>>> print(open('coords-v6.txt').read())   # compact mmCIF, C-alpha atoms
# COMPACT_ATOMS: atom_id res chain seq x y z
CA MET A 1 0.00 0.00 0.00
CA ALA A 2 2.88 2.34 0.81
CA THR A 3 4.22 2.08 -2.73
CA ASN A 4 0.89 2.91 -4.32
CA PRO A 5 1.51 6.29 -6.00
CA MET A 6 -2.13 7.30 -5.54
CA HIS A 7 -2.10 6.61 -1.82
CA GLN A 8 -0.74 10.10 -1.09
CA PHE A 9 -3.95 11.66 -2.41
CA GLU A 10 -6.23 9.79 -0.02
CA VAL A 11 -8.28 11.92 2.33
CA TYR A 12 -8.86 10.60 5.83
CA ARG A 13 -10.56 11.85 8.92
CA ILE A 14 -8.52 13.43 11.70
CA GLY A 15 -10.41 13.31 14.96
CA PRO A 16 -14.13 12.65 15.31
CA GLU A 17 -16.78 12.57 12.63
CA ILE A 18 -18.59 15.93 12.41
CA LYS A 19 -22.04 15.91 10.82
CA ILE A 20 -24.45 18.76 10.30
CA ASN A 21 -27.84 17.67 8.89
CA GLN A 22 -26.42 14.36 7.73
CA ILE A 23 -23.66 16.19 5.81
CA ASP A 24 -20.16 15.04 6.68
CA ILE A 25 -17.84 17.99 7.30
CA SER A 26 -15.26 16.12 9.33
CA PHE A 27 -11.82 17.60 9.85
CA THR A 28 -9.49 15.77 7.45
CA ASN A 29 -5.86 15.91 6.42
CA ALA A 30 -6.97 18.15 3.52
CA SER A 31 -8.59 20.55 6.00
CA LEU A 32 -5.43 20.45 8.10
CA PHE A 33 -3.23 21.54 5.20
CA MET A 34 -5.70 24.22 4.11
CA ILE A 35 -5.60 25.67 7.63
CA ILE A 36 -1.81 25.33 7.81
CA SER A 37 -1.42 27.14 4.46
CA ALA A 38 -3.80 29.93 5.42
CA LEU A 39 -2.22 30.40 8.84
CA SER A 40 1.34 30.42 7.50
CA ILE A 41 0.37 33.03 4.90
CA LEU A 42 -1.18 35.16 7.64
CA PHE A 43 1.83 34.62 9.90
CA ILE A 44 4.42 35.53 7.25
CA PHE A 45 2.57 38.56 5.94
CA ASN A 46 1.71 39.77 9.41
CA LEU A 47 5.42 39.67 10.27
CA GLY A 48 6.19 41.40 6.98
CA SER A 49 3.77 44.24 7.54
CA SER A 50 4.12 44.94 11.26
CA LYS A 51 7.29 47.02 11.04
CA LYS A 52 7.47 50.27 9.14
CA ASN A 53 11.13 50.38 8.24
CA ILE A 54 12.19 52.63 5.42
CA ILE A 55 14.85 50.07 4.57
CA PRO A 56 12.88 46.82 4.85
CA ASN A 57 14.17 43.73 6.60
CA LYS A 58 14.05 40.39 4.80
CA ILE A 59 10.51 39.32 5.69
CA GLN A 60 9.17 42.82 5.04
CA LEU A 61 10.91 42.81 1.68
CA LEU A 62 9.31 39.45 0.89
CA ALA A 63 5.85 40.76 1.74
CA GLU A 64 6.31 43.99 -0.21
CA LEU A 65 7.85 42.27 -3.22
CA SER A 66 4.94 39.84 -3.43
CA TYR A 67 2.54 42.75 -3.03
CA SER A 68 4.11 44.65 -5.93
CA PHE A 69 4.42 41.43 -7.95
CA ILE A 70 0.67 40.77 -7.79
CA SER A 71 -0.14 44.45 -8.16
CA LYS A 72 1.95 44.63 -11.34
CA MET A 73 0.39 41.44 -12.65
CA ILE A 74 -3.11 42.89 -12.21
CA SER A 75 -2.29 46.26 -13.75
CA ASP A 76 -0.57 44.56 -16.69
CA THR A 77 -3.48 42.25 -17.51
CA ALA A 78 -6.64 43.97 -16.23
CA GLY A 79 -5.52 47.61 -16.16
CA SER A 80 -6.38 50.15 -13.50
CA LYS A 81 -9.96 48.87 -13.28
CA GLY A 82 -8.67 45.63 -11.76
CA LYS A 83 -7.39 47.35 -8.63
CA PRO A 84 -10.48 46.73 -6.43
CA TYR A 85 -10.02 42.97 -6.92
CA PHE A 86 -6.40 43.05 -5.75
CA ASN A 87 -7.16 41.59 -2.31
CA LEU A 88 -9.01 38.62 -3.76
CA ILE A 89 -6.38 37.81 -6.37
CA PHE A 90 -3.58 38.24 -3.85
CA SER A 91 -5.29 35.82 -1.42
CA LEU A 92 -6.02 33.40 -4.24
CA PHE A 93 -2.45 33.39 -5.53
CA MET A 94 -0.95 33.03 -2.07
CA PHE A 95 -3.37 30.29 -1.06
CA VAL A 96 -2.74 28.22 -4.18
CA LEU A 97 1.02 28.85 -3.97
CA PHE A 98 1.26 27.83 -0.32
CA CYS A 99 -0.94 24.76 -0.81
CA ASN A 100 1.27 23.71 -3.75
CA MET A 101 4.45 24.36 -1.79
CA PHE A 102 3.28 22.54 1.34
CA GLY A 103 2.48 19.62 -0.94
CA MET A 104 6.17 19.44 -1.79
CA LEU A 105 7.06 18.43 1.77
CA PRO A 106 7.44 14.66 2.16
CA TYR A 107 4.46 12.92 3.84
CA SER A 108 2.36 16.05 3.44
CA PHE A 109 -0.93 16.42 1.59
CA THR A 110 -1.41 18.52 -1.53
CA VAL A 111 -4.73 20.31 -1.24
CA THR A 112 -4.65 21.51 -4.83
CA SER A 113 -4.24 17.98 -6.19
CA HIS A 114 -7.95 17.44 -5.55
CA ILE A 115 -10.26 18.32 -8.40
CA ILE A 116 -13.05 19.33 -6.06
CA VAL A 117 -10.93 22.02 -4.43
CA THR A 118 -9.60 23.50 -7.65
CA PHE A 119 -12.99 23.22 -9.33
CA PHE A 120 -14.66 25.01 -6.43
CA LEU A 121 -12.13 27.85 -6.60
CA ALA A 122 -12.37 28.04 -10.39
CA SER A 123 -16.16 28.07 -10.42
CA LEU A 124 -16.14 30.73 -7.72
CA ILE A 125 -13.97 32.84 -10.01
CA PHE A 126 -16.09 32.01 -13.04
CA ILE A 127 -19.37 32.90 -11.35
CA GLY A 128 -17.88 36.03 -9.81
CA VAL A 129 -16.41 37.23 -13.09
CA THR A 130 -19.68 36.58 -14.93
CA ILE A 131 -21.64 38.54 -12.32
CA ILE A 132 -19.14 41.42 -12.49
CA GLY A 133 -19.43 41.41 -16.28
CA PHE A 134 -23.22 41.61 -16.22
CA ILE A 135 -23.17 44.32 -13.53
CA LYS A 136 -20.67 46.47 -15.47
CA HIS A 137 -22.12 46.02 -18.96
CA GLY A 138 -25.64 44.66 -18.49
CA LEU A 139 -26.77 42.49 -21.37
CA GLY A 140 -24.00 44.09 -23.42
CA TYR A 141 -21.70 41.60 -21.77
CA LEU A 142 -23.10 39.02 -24.20
CA LYS A 143 -21.19 40.87 -26.95
CA LEU A 144 -18.17 38.99 -25.58
CA PHE A 145 -19.39 36.04 -27.62
CA VAL A 146 -19.57 38.06 -30.83
CA PRO A 147 -16.07 39.04 -31.92
CA SER A 148 -15.90 42.05 -34.22
CA GLY A 149 -14.78 41.73 -37.82
CA VAL A 150 -16.09 38.21 -38.35
CA PRO A 151 -17.94 37.51 -41.64
CA LEU A 152 -21.68 36.93 -41.16
CA VAL A 153 -21.53 33.43 -42.56
CA LEU A 154 -19.12 32.31 -39.88
CA LEU A 155 -20.83 34.16 -37.07
CA PRO A 156 -23.13 31.37 -35.77
CA LEU A 157 -20.21 28.96 -35.64
CA ILE A 158 -17.95 31.51 -33.92
CA VAL A 159 -20.61 32.35 -31.35
CA VAL A 160 -21.08 28.69 -30.49
CA ILE A 161 -17.32 28.21 -30.15
CA GLU A 162 -17.02 31.34 -27.99
CA VAL A 163 -19.84 30.21 -25.69
CA ILE A 164 -18.29 26.76 -25.30
CA SER A 165 -14.86 28.23 -24.59
CA TYR A 166 -16.37 30.61 -22.05
CA LEU A 167 -18.27 27.84 -20.29
CA SER A 168 -15.23 25.58 -20.25
CA ARG A 169 -13.16 28.20 -18.46
CA PRO A 170 -13.76 26.86 -14.94
CA ILE A 171 -13.05 23.31 -16.12
CA SER A 172 -9.81 24.23 -17.87
CA LEU A 173 -8.72 26.42 -14.97
CA SER A 174 -9.37 23.74 -12.36
CA VAL A 175 -8.17 20.73 -14.36
CA ARG A 176 -4.93 22.50 -15.29
CA LEU A 177 -3.98 23.03 -11.65
CA PHE A 178 -5.29 19.68 -10.39
CA ALA A 179 -3.72 17.62 -13.19
CA ASN A 180 -0.36 19.33 -12.90
CA MET A 181 -0.17 18.78 -9.17
CA MET A 182 -1.43 15.20 -9.31
CA ALA A 183 0.79 14.17 -12.22
CA GLY A 184 3.90 15.67 -10.64
CA HIS A 185 3.35 14.04 -7.28
CA THR A 186 2.48 10.70 -8.86
CA MET A 187 5.66 10.80 -10.94
CA MET A 188 7.74 11.54 -7.88
CA LYS A 189 6.10 8.74 -5.96
CA VAL A 190 6.64 6.30 -8.84
CA PHE A 191 10.32 7.16 -9.12
CA GLY A 192 10.60 6.98 -5.35
CA GLY A 193 9.11 3.49 -5.56
CA PHE A 194 11.72 2.56 -8.20
CA VAL A 195 14.50 3.58 -5.85
CA ILE A 196 13.20 1.10 -3.26
CA SER A 197 12.45 -1.75 -5.65
CA LEU A 198 15.74 -1.50 -7.61
CA GLY A 199 17.80 -1.23 -4.44
CA VAL A 200 21.43 -0.12 -4.05
CA VAL A 201 22.47 -1.47 -7.46
CA GLY A 202 19.95 0.16 -9.79
CA GLY A 203 18.32 2.71 -7.57
CA TRP A 204 20.66 5.57 -8.33
CA LEU A 205 19.16 6.44 -11.69
CA PRO A 206 15.58 6.86 -10.42
CA LEU A 207 16.95 8.63 -7.34
CA SER A 208 18.68 11.25 -9.48
CA PHE A 209 15.48 11.50 -11.52
CA SER A 210 13.54 12.00 -8.33
CA VAL A 211 15.90 14.81 -7.24
CA ALA A 212 15.56 16.52 -10.61
CA LEU A 213 11.77 16.09 -10.48
CA THR A 214 11.65 17.73 -7.06
CA GLY A 215 13.24 20.86 -8.52
CA LEU A 216 10.88 20.74 -11.48
CA GLU A 217 7.88 20.28 -9.20
CA ILE A 218 8.79 23.29 -7.10
CA LEU A 219 8.93 25.29 -10.32
CA VAL A 220 5.58 23.82 -11.40
CA ALA A 221 4.08 24.62 -7.99
CA PHE A 222 4.98 28.27 -8.40
CA LEU A 223 4.11 28.37 -12.06
CA GLN A 224 0.66 26.85 -11.62
CA ALA A 225 -0.19 29.30 -8.85
CA TYR A 226 0.96 32.10 -11.14
CA VAL A 227 -1.03 30.73 -14.09
CA PHE A 228 -4.11 30.34 -11.89
CA ALA A 229 -3.84 33.96 -10.75
CA ILE A 230 -3.01 35.42 -14.14
CA LEU A 231 -5.89 33.57 -15.82
CA THR A 232 -8.18 34.97 -13.15
CA CYS A 233 -6.84 38.42 -14.06
CA ILE A 234 -7.45 37.78 -17.76
CA TYR A 235 -11.03 36.64 -17.15
CA LEU A 236 -11.52 39.69 -14.97
CA ASN A 237 -10.11 41.85 -17.75
CA ASP A 238 -12.73 40.42 -20.14
CA ALA A 239 -15.46 41.34 -17.69
CA LEU A 240 -14.10 44.83 -16.90
CA ASN A 241 -12.91 46.03 -20.29
CA LEU A 242 -15.23 44.71 -22.98
CA HIS A 243 -13.35 45.12 -26.26
CA HIS A 244 -16.04 45.24 -28.90
CA MET B 245 23.43 -5.38 -24.21
CA LEU B 246 21.66 -8.24 -22.47
CA ARG B 247 22.17 -6.57 -19.09
CA LYS B 248 20.72 -3.37 -20.45
CA ILE B 249 17.62 -5.18 -21.67
CA ILE B 250 17.23 -6.89 -18.30
CA PHE B 251 17.68 -3.55 -16.51
CA PHE B 252 15.02 -1.79 -18.55
CA ASN B 253 12.73 -4.79 -18.27
CA LEU B 254 13.05 -4.54 -14.53
CA ILE B 255 12.18 -0.84 -14.54
CA PHE B 256 9.29 -1.40 -16.90
CA SER B 257 7.87 -4.29 -14.90
CA THR B 258 8.02 -2.33 -11.61
CA PHE B 259 6.29 0.57 -13.34
CA ILE B 260 3.54 -1.71 -14.62
CA SER B 261 3.14 -3.38 -11.25
CA GLN B 262 2.80 -0.02 -9.51
CA ILE B 263 0.15 1.15 -11.93
CA SER B 264 -1.78 -2.12 -11.58
CA LYS B 265 -1.56 -1.83 -7.79
CA SER B 266 -3.07 1.64 -7.93
CA ALA B 267 -5.79 0.41 -10.24
CA GLU B 268 -6.63 -2.40 -7.85
CA SER B 269 -7.10 -0.04 -4.94
CA GLY B 270 -9.80 1.94 -6.71
CA GLY B 271 -7.94 4.47 -8.88
CA MET B 272 -7.96 8.14 -8.03
CA PRO B 273 -8.99 9.07 -4.51
CA GLN B 274 -9.87 12.49 -5.96
CA LEU B 275 -12.96 11.01 -7.57
CA ASN B 276 -14.25 9.54 -4.33
CA PRO B 277 -17.03 11.94 -3.28
CA GLU B 278 -16.95 10.89 0.37
CA PHE B 279 -15.12 14.01 1.59
CA TRP B 280 -16.10 16.49 -1.14
CA ILE B 281 -18.48 18.44 1.04
CA SER B 282 -15.99 18.47 3.89
CA GLN B 283 -13.24 19.75 1.61
CA ILE B 284 -15.46 22.51 0.24
CA PHE B 285 -16.52 23.45 3.76
CA TRP B 286 -12.97 23.71 5.07
CA LEU B 287 -11.82 25.42 1.89
CA VAL B 288 -14.49 28.11 2.28
CA LEU B 289 -13.63 28.46 5.96
CA SER B 290 -9.86 28.70 5.61
CA PHE B 291 -9.86 30.74 2.41
CA GLY B 292 -12.57 33.02 3.78
CA ILE B 293 -10.61 33.71 6.95
CA LEU B 294 -7.42 34.19 4.91
CA PHE B 295 -9.15 36.61 2.53
CA LEU B 296 -10.84 38.60 5.30
CA VAL B 297 -7.75 38.97 7.48
CA LEU B 298 -5.50 39.77 4.52
CA SER B 299 -7.82 42.39 3.06
CA LYS B 300 -8.86 43.96 6.37
CA PHE B 301 -5.61 44.03 8.31
CA ILE B 302 -2.49 43.00 6.46
CA LEU B 303 -2.67 44.26 2.89
CA PRO B 304 -3.60 47.86 3.84
CA LYS B 305 -0.58 47.91 6.15
CA ILE B 306 1.72 46.73 3.38
CA ARG B 307 0.18 49.29 1.00
CA ASN B 308 0.74 52.04 3.57
CA ASN B 309 4.31 50.97 4.11
CA ILE B 310 5.05 51.02 0.39
CA GLU B 311 3.38 54.39 -0.11
CA LEU B 312 5.12 55.82 2.94
CA ARG B 313 8.45 54.72 1.58
CA LYS B 314 7.64 56.13 -1.86
CA SER B 315 6.63 59.50 -0.48
CA GLN B 316 9.61 59.61 1.84
CA ILE B 317 11.96 58.78 -1.01
CA LEU B 318 10.36 61.49 -3.15
CA GLU B 319 10.73 63.99 -0.31
CA ASN B 320 14.32 63.01 0.16
CA ILE B 321 14.99 63.38 -3.54
CA GLU B 322 13.42 66.83 -3.51
CA ALA B 323 15.48 67.83 -0.50
CA ALA B 324 18.58 66.47 -2.16
CA GLU B 325 17.89 68.45 -5.30
CA LYS B 326 17.36 71.62 -3.28
CA GLN B 327 20.61 71.06 -1.50
CA LYS B 328 22.33 70.38 -4.78
CA ILE B 329 21.15 73.73 -6.15
CA GLU B 330 22.24 75.42 -2.95
CA ALA B 331 25.61 73.77 -3.14
CA GLU B 332 26.01 74.89 -6.74
CA ASN B 333 25.17 78.46 -5.78
CA LYS B 334 27.65 78.31 -2.95
CA LEU B 335 30.28 76.96 -5.29
CA LYS B 336 29.60 79.87 -7.65
CA ASN B 337 29.86 82.35 -4.80
CA TYR B 338 33.04 80.73 -3.68
CA GLU B 339 34.54 80.92 -7.14
CA GLU B 340 33.55 84.56 -7.46
CA LEU B 341 35.10 85.27 -4.09
CA ILE B 342 38.26 83.51 -5.11
CA THR B 343 38.61 85.45 -8.36
CA LYS B 344 37.85 88.68 -6.53
CA SER B 345 40.43 88.03 -3.88
CA LYS B 346 42.93 86.97 -6.53
CA ASN B 347 42.45 90.29 -8.29
CA GLU B 348 42.73 92.16 -5.01
CA ALA B 349 45.89 90.33 -4.17
CA LYS B 350 47.30 91.23 -7.59
CA ASN B 351 46.42 94.87 -7.03
CA TYR B 352 48.00 94.86 -3.59
CA PHE B 353 51.08 93.25 -4.99
CA ASN B 354 51.34 95.77 -7.82
CA GLU B 355 50.85 98.70 -5.45
CA ALA B 356 53.43 97.38 -3.08
CA ARG B 357 55.87 96.92 -5.92
CA LYS B 358 55.30 100.44 -7.15
CA LYS B 359 55.77 101.83 -3.67
CA ILE B 360 58.92 99.86 -3.14
CA ILE B 361 60.32 100.94 -6.49
CA GLU B 362 59.52 104.57 -5.69
CA ASP B 363 61.11 104.28 -2.27
CA ILE B 364 64.16 102.71 -3.75
CA ASP B 365 64.39 105.50 -6.33
CA LYS B 366 64.02 108.20 -3.66
CA LYS B 367 66.64 106.65 -1.45
CA LYS B 368 68.93 106.20 -4.41
CA GLN B 369 68.54 109.83 -5.33
CA SER B 370 69.15 111.09 -1.79
CA LEU B 371 72.08 108.76 -1.43
CA GLU B 372 73.51 109.98 -4.72
CA LYS B 373 73.10 113.58 -3.53
CA GLU B 374 74.91 112.81 -0.29
CA ILE B 375 77.60 110.96 -2.14
CA ASN B 376 77.98 113.83 -4.53
CA ILE B 377 78.27 116.31 -1.61
CA GLU B 378 80.81 114.15 0.08
CA ILE B 379 82.72 113.68 -3.14
CA SER B 380 82.80 117.41 -3.74
CA GLY B 381 83.91 118.00 -0.09
CA ALA B 382 86.64 115.47 -0.49
CA GLU B 383 87.70 117.02 -3.77
CA ASP B 384 87.85 120.42 -2.07
CA GLU B 385 90.00 118.99 0.69
CA VAL B 386 92.24 117.38 -1.83
CA ARG B 387 92.51 120.65 -3.72
CA GLU B 388 93.36 122.54 -0.55
CA LEU B 389 95.87 119.93 0.38
CA VAL B 390 97.35 120.20 -3.08
CA LYS B 391 97.50 123.98 -2.65
CA LYS B 392 99.16 123.74 0.75
CA ALA B 393 101.50 120.98 -0.25
CA PRO B 394 104.29 123.16 -1.89
CA GLU B 395 104.69 125.37 1.18
CA LYS B 396 105.00 122.38 3.46
CA ILE B 397 107.35 120.71 1.06
CA GLN B 398 109.36 123.93 0.93
CA LYS B 399 109.54 124.06 4.73
CA ILE B 400 110.58 120.43 4.89
CA ALA B 401 113.02 120.97 2.09
CA ILE B 402 114.54 123.95 3.90
CA GLU B 403 114.82 122.02 7.14
CA THR B 404 116.27 118.93 5.53
CA SER B 405 118.65 120.89 3.40
CA SER B 406 119.80 122.90 6.43
CA ASP B 407 120.25 119.68 8.32
CA ILE B 408 122.20 118.16 5.48
CA VAL B 409 124.32 121.27 5.15
CA ARG B 410 125.04 121.36 8.86
CA GLN B 411 126.06 117.77 8.86
CA LEU B 412 128.12 118.22 5.80
CA ILE B 413 129.82 121.43 6.87
CA GLY B 414 129.27 121.35 10.58
CA GLU B 415 128.13 124.98 10.68
CA GLU B 416 124.84 126.78 11.06
CA VAL B 417 123.55 128.17 7.85
CA ASN B 418 121.36 131.23 7.62
CA ASN B 419 117.80 130.17 7.22
CA SER B 420 116.80 133.01 5.00
CA SER B 421 119.47 132.32 2.41
CA MET B 422 118.55 128.68 2.45
CA SER B 423 114.86 129.38 1.90
CA ALA B 424 115.74 131.69 -0.95
CA ILE B 425 117.65 128.94 -2.71
CA VAL B 426 114.80 126.38 -2.09
CA ASP B 427 112.25 128.89 -3.35
CA ASP B 428 114.20 129.46 -6.41
CA LEU B 429 114.54 125.71 -7.09
CA SER B 430 110.94 124.92 -6.41
CA LYS B 431 109.76 127.71 -8.68
CA LYS B 432 111.96 126.33 -11.41
CA ASN B 433 110.66 122.78 -10.99
CA ARG B 434 107.06 123.43 -10.09
CA GLY B 435 105.69 122.38 -13.44
CA LYS B 436 107.67 119.19 -13.25
CA TYR B 437 106.05 117.91 -9.95
CA TYR B 438 102.48 119.21 -9.94
CA GLY B 439 101.56 119.45 -13.53
CA ASN B 440 99.53 122.72 -13.28
>>> encode(input="coords-v6.txt", output="structure tokens")
Amino acid sequence: MATNPMHQFEVYRIGPEIKINQIDISFTNASLFMIISALSILFIFNLGSSKKNIIPNKIQLLAELSYSFISKMISDTAGSKGKPYFNLIFSLFMFVLFCNMFGMLPYSFTVTSHIIVTFFLASLIFIGVTIIGFIKHGLGYLKLFVPSGVPLVLLPLIVVIEVISYLSRPISLSVRLFANMMAGHTMMKVFGGFVISLGVVGGWLPLSFSVALTGLEILVAFLQAYVFAILTCIYLNDALNLHH
Amino acid sequence: MLRKIIFFNLIFSTFISQISKSAESGGMPQLNPEFWISQIFWLVLSFGILFLVLSKFILPKIRNNIELRKSQILENIEAAEKQKIEAENKLKNYEELITKSKNEAKNYFNEARKKIIEDIDKKKQSLEKEINIEISGAEDEVRELVKKAPEKIQKIAIETSSDIVRQLIGEEVNNSSMSAIVDDLSKKNRGKYYGN
């Protein structure tokens, strides 16, 4: 069972079973790592914002650099209109990043490797962005599905394609993150299993692979958090600045 | 070659066995809906708390810090520019002062030189006057001495000649006759000794 590469994704109860109206909301290892991620973000950024040094110390620099990083990302993709959504995108990016990074620790649990978590976040974004779009532009938001400069003959086809691509946004957003995290961790587990089964003689090759994969996975963990946040910004941009 | 094939076979077979093991145990745990509601509940809870605390307490602080630093840096830059302009003005003033004082020093030097040259000239002139007076005095003395010289010489000549005569003859000679002879001789030879 220990060598099963999918075993690491199993969710299990920690502590007693909690039920409200027959719905199981027990505290699990997934909940534990969500709470750990959220608390460590709060801890780090609270440390980084409590002092008001003109020349920042290291943790303050970290907090301020990530602040300006996200702020620049939003202004680059969604323009100045995206500023009110900074807090949400910052929290989203940090949450996904920390969940991914905590997943890199051995024997830990990767929250974002579960489709239900990423899909919930993505559909939250999707629904929110759609509501913002309709509030800002009314029914004019539907013009998003009618690109300008398309010949009339092709228009029905284009509109159908646009609608499908719009509706598949939450799926692509969530599956991208979930699949990346799951595939990476499975690969690492498989190569880790090879190290054990091949032993001292043949285990060195998969071990070196495993080391290289760890580096790659840390990169992927950051990159997927970044992609998740920047796609949110792009969807937000569509809702805020309707280009038609 | 054979060992290579065996090696890769081994890797391949372990890979296959691992995949089959995972398939036996029911595939992806992600698709098991048992804890879906629980995950969503805890996600909403933790992410909600994270979002609220970040947006209410932490992010405004970071924003303030960054803006404070920006404004302070701008202020400092402004102050620095002011001071730079001041420093440039002071440098200008300083250079003006230096050129002024250089000119003044030149003037002083020139004046002092003029004065010194004048003084030297005056002193030279007065000295020359004095020297001239002294030279003329000395010349007068010399002239007088030259004038008096024949008489004295005559007297000496008379005395010496009378002495010589006495020693030669052993008798006193009349002074008046002696002086007449010396007079006569000196008048004859005056031109020879004094040249005037």
>>> closest_residue(input="coords-v6.txt", among="A:Lys143, A:Lys189, A:His243, A:Lys58", to="chain B", atoms="all atoms listed in the file")
A:Lys189
>>> closest_residue(input="coords-v6.txt", among="A:Ile125, A:Val160, A:Thr130, A:Gly202", to="chain B", atoms="only C-alpha atoms")
A:Gly202
>>> closest_atom_pairs(input="coords-v6.txt", of="segment 260-372 of chain B", to="segment 76-90 of chain A", cutoff="12 Å", atoms="all atoms listed in the file", output="tab-separated table")
residue	atom	partner	partner_atom	distance
B:Phe291	CA	A:Leu88	CA	10.0
B:Gly292	CA	A:Leu88	CA	10.0
B:Ile293	CA	A:Leu88	CA	11.9
B:Leu294	CA	A:Leu88	CA	9.9
B:Phe295	CA	A:Leu88	CA	6.6
B:Leu296	CA	A:Asn87	CA	9.0
B:Val297	CA	A:Asn87	CA	10.2
B:Leu298	CA	A:Asn87	CA	7.3
B:Ser299	CA	A:Asn87	CA	5.5
B:Lys300	CA	A:Asn87	CA	9.2
B:Phe301	CA	A:Asn87	CA	11.0
B:Ile302	CA	A:Asn87	CA	10.0
B:Leu303	CA	A:Asn87	CA	7.4
B:Pro304	CA	A:Asn87	CA	9.5
B:Ile306	CA	A:Asn87	CA	11.7
B:Arg307	CA	A:Asn87	CA	11.1
>>> residues_around(input="coords-v6.txt", residues="Ile400 of chain B", least_positions_apart="6", cutoff="12 Å", atoms="only C-alpha atoms", output="ChimeraX atom specification")
/B:393-394,406-408,422-423,426-427
>>> atom_distance(input="coords-v6.txt", atom1="atom CA of Asn46 of chain A", atom2="atom CA of Arg313 of chain B")
18.2 Å
>>> atom_distance(input="coords-v6.txt", atom1="atom CA of Thr110 of chain A", atom2="atom CA of Gln8 of chain A")
8.5 Å
>>> closest_residue(input="coords-v6.txt", among="A:Met94, A:Ile132, A:Ile59, A:Val227", to="Ser174 of chain A", atoms="only C-alpha atoms")
A:Val227
>>> atom_distance(input="coords-v6.txt", atom1="atom CA of Thr28 of chain A", atom2="atom CA of Trp286 of chain B")
9.0 Å
>>> decode(input="coords-v6.txt", residues="segment 296-321 of chain B", atoms="C-alpha atoms", output="PDB file, in the first residue's frame")
ATOM      1  CA  LEU B 296     -10.836  38.598   5.301  1.00  0.00           C
ATOM      2  CA  VAL B 297      -7.749  38.968   7.481  1.00  0.00           C
ATOM      3  CA  LEU B 298      -5.498  39.772   4.518  1.00  0.00           C
ATOM      4  CA  SER B 299      -7.821  42.389   3.060  1.00  0.00           C
ATOM      5  CA  LYS B 300      -8.863  43.960   6.370  1.00  0.00           C
ATOM      6  CA  PHE B 301      -5.610  44.030   8.310  1.00  0.00           C
ATOM      7  CA  ILE B 302      -2.489  42.997   6.459  1.00  0.00           C
ATOM      8  CA  LEU B 303      -2.668  44.259   2.887  1.00  0.00           C
ATOM      9  CA  PRO B 304      -3.602  47.863   3.838  1.00  0.00           C
ATOM     10  CA  LYS B 305      -0.585  47.915   6.145  1.00  0.00           C
ATOM     11  CA  ILE B 306       1.725  46.735   3.379  1.00  0.00           C
ATOM     12  CA  ARG B 307       0.185  49.290   1.002  1.00  0.00           C
ATOM     13  CA  ASN B 308       0.736  52.042   3.573  1.00  0.00           C
ATOM     14  CA  ASN B 309       4.313  50.968   4.108  1.00  0.00           C
ATOM     15  CA  ILE B 310       5.052  51.016   0.393  1.00  0.00           C
ATOM     16  CA  GLU B 311       3.383  54.392  -0.107  1.00  0.00           C
ATOM     17  CA  LEU B 312       5.119  55.820   2.945  1.00  0.00           C
ATOM     18  CA  ARG B 313       8.450  54.717   1.577  1.00  0.00           C
ATOM     19  CA  LYS B 314       7.643  56.126  -1.864  1.00  0.00           C
ATOM     20  CA  SER B 315       6.634  59.504  -0.477  1.00  0.00           C
ATOM     21  CA  GLN B 316       9.613  59.615   1.838  1.00  0.00           C
ATOM     22  CA  ILE B 317      11.962  58.783  -1.007  1.00  0.00           C
ATOM     23  CA  LEU B 318      10.364  61.490  -3.145  1.00  0.00           C
ATOM     24  CA  GLU B 319      10.729  63.992  -0.308  1.00  0.00           C
ATOM     25  CA  ASN B 320      14.322  63.008   0.163  1.00  0.00           C
ATOM     26  CA  ILE B 321      14.995  63.377  -3.543  1.00  0.00           C
TER      27      ILE B 321
END
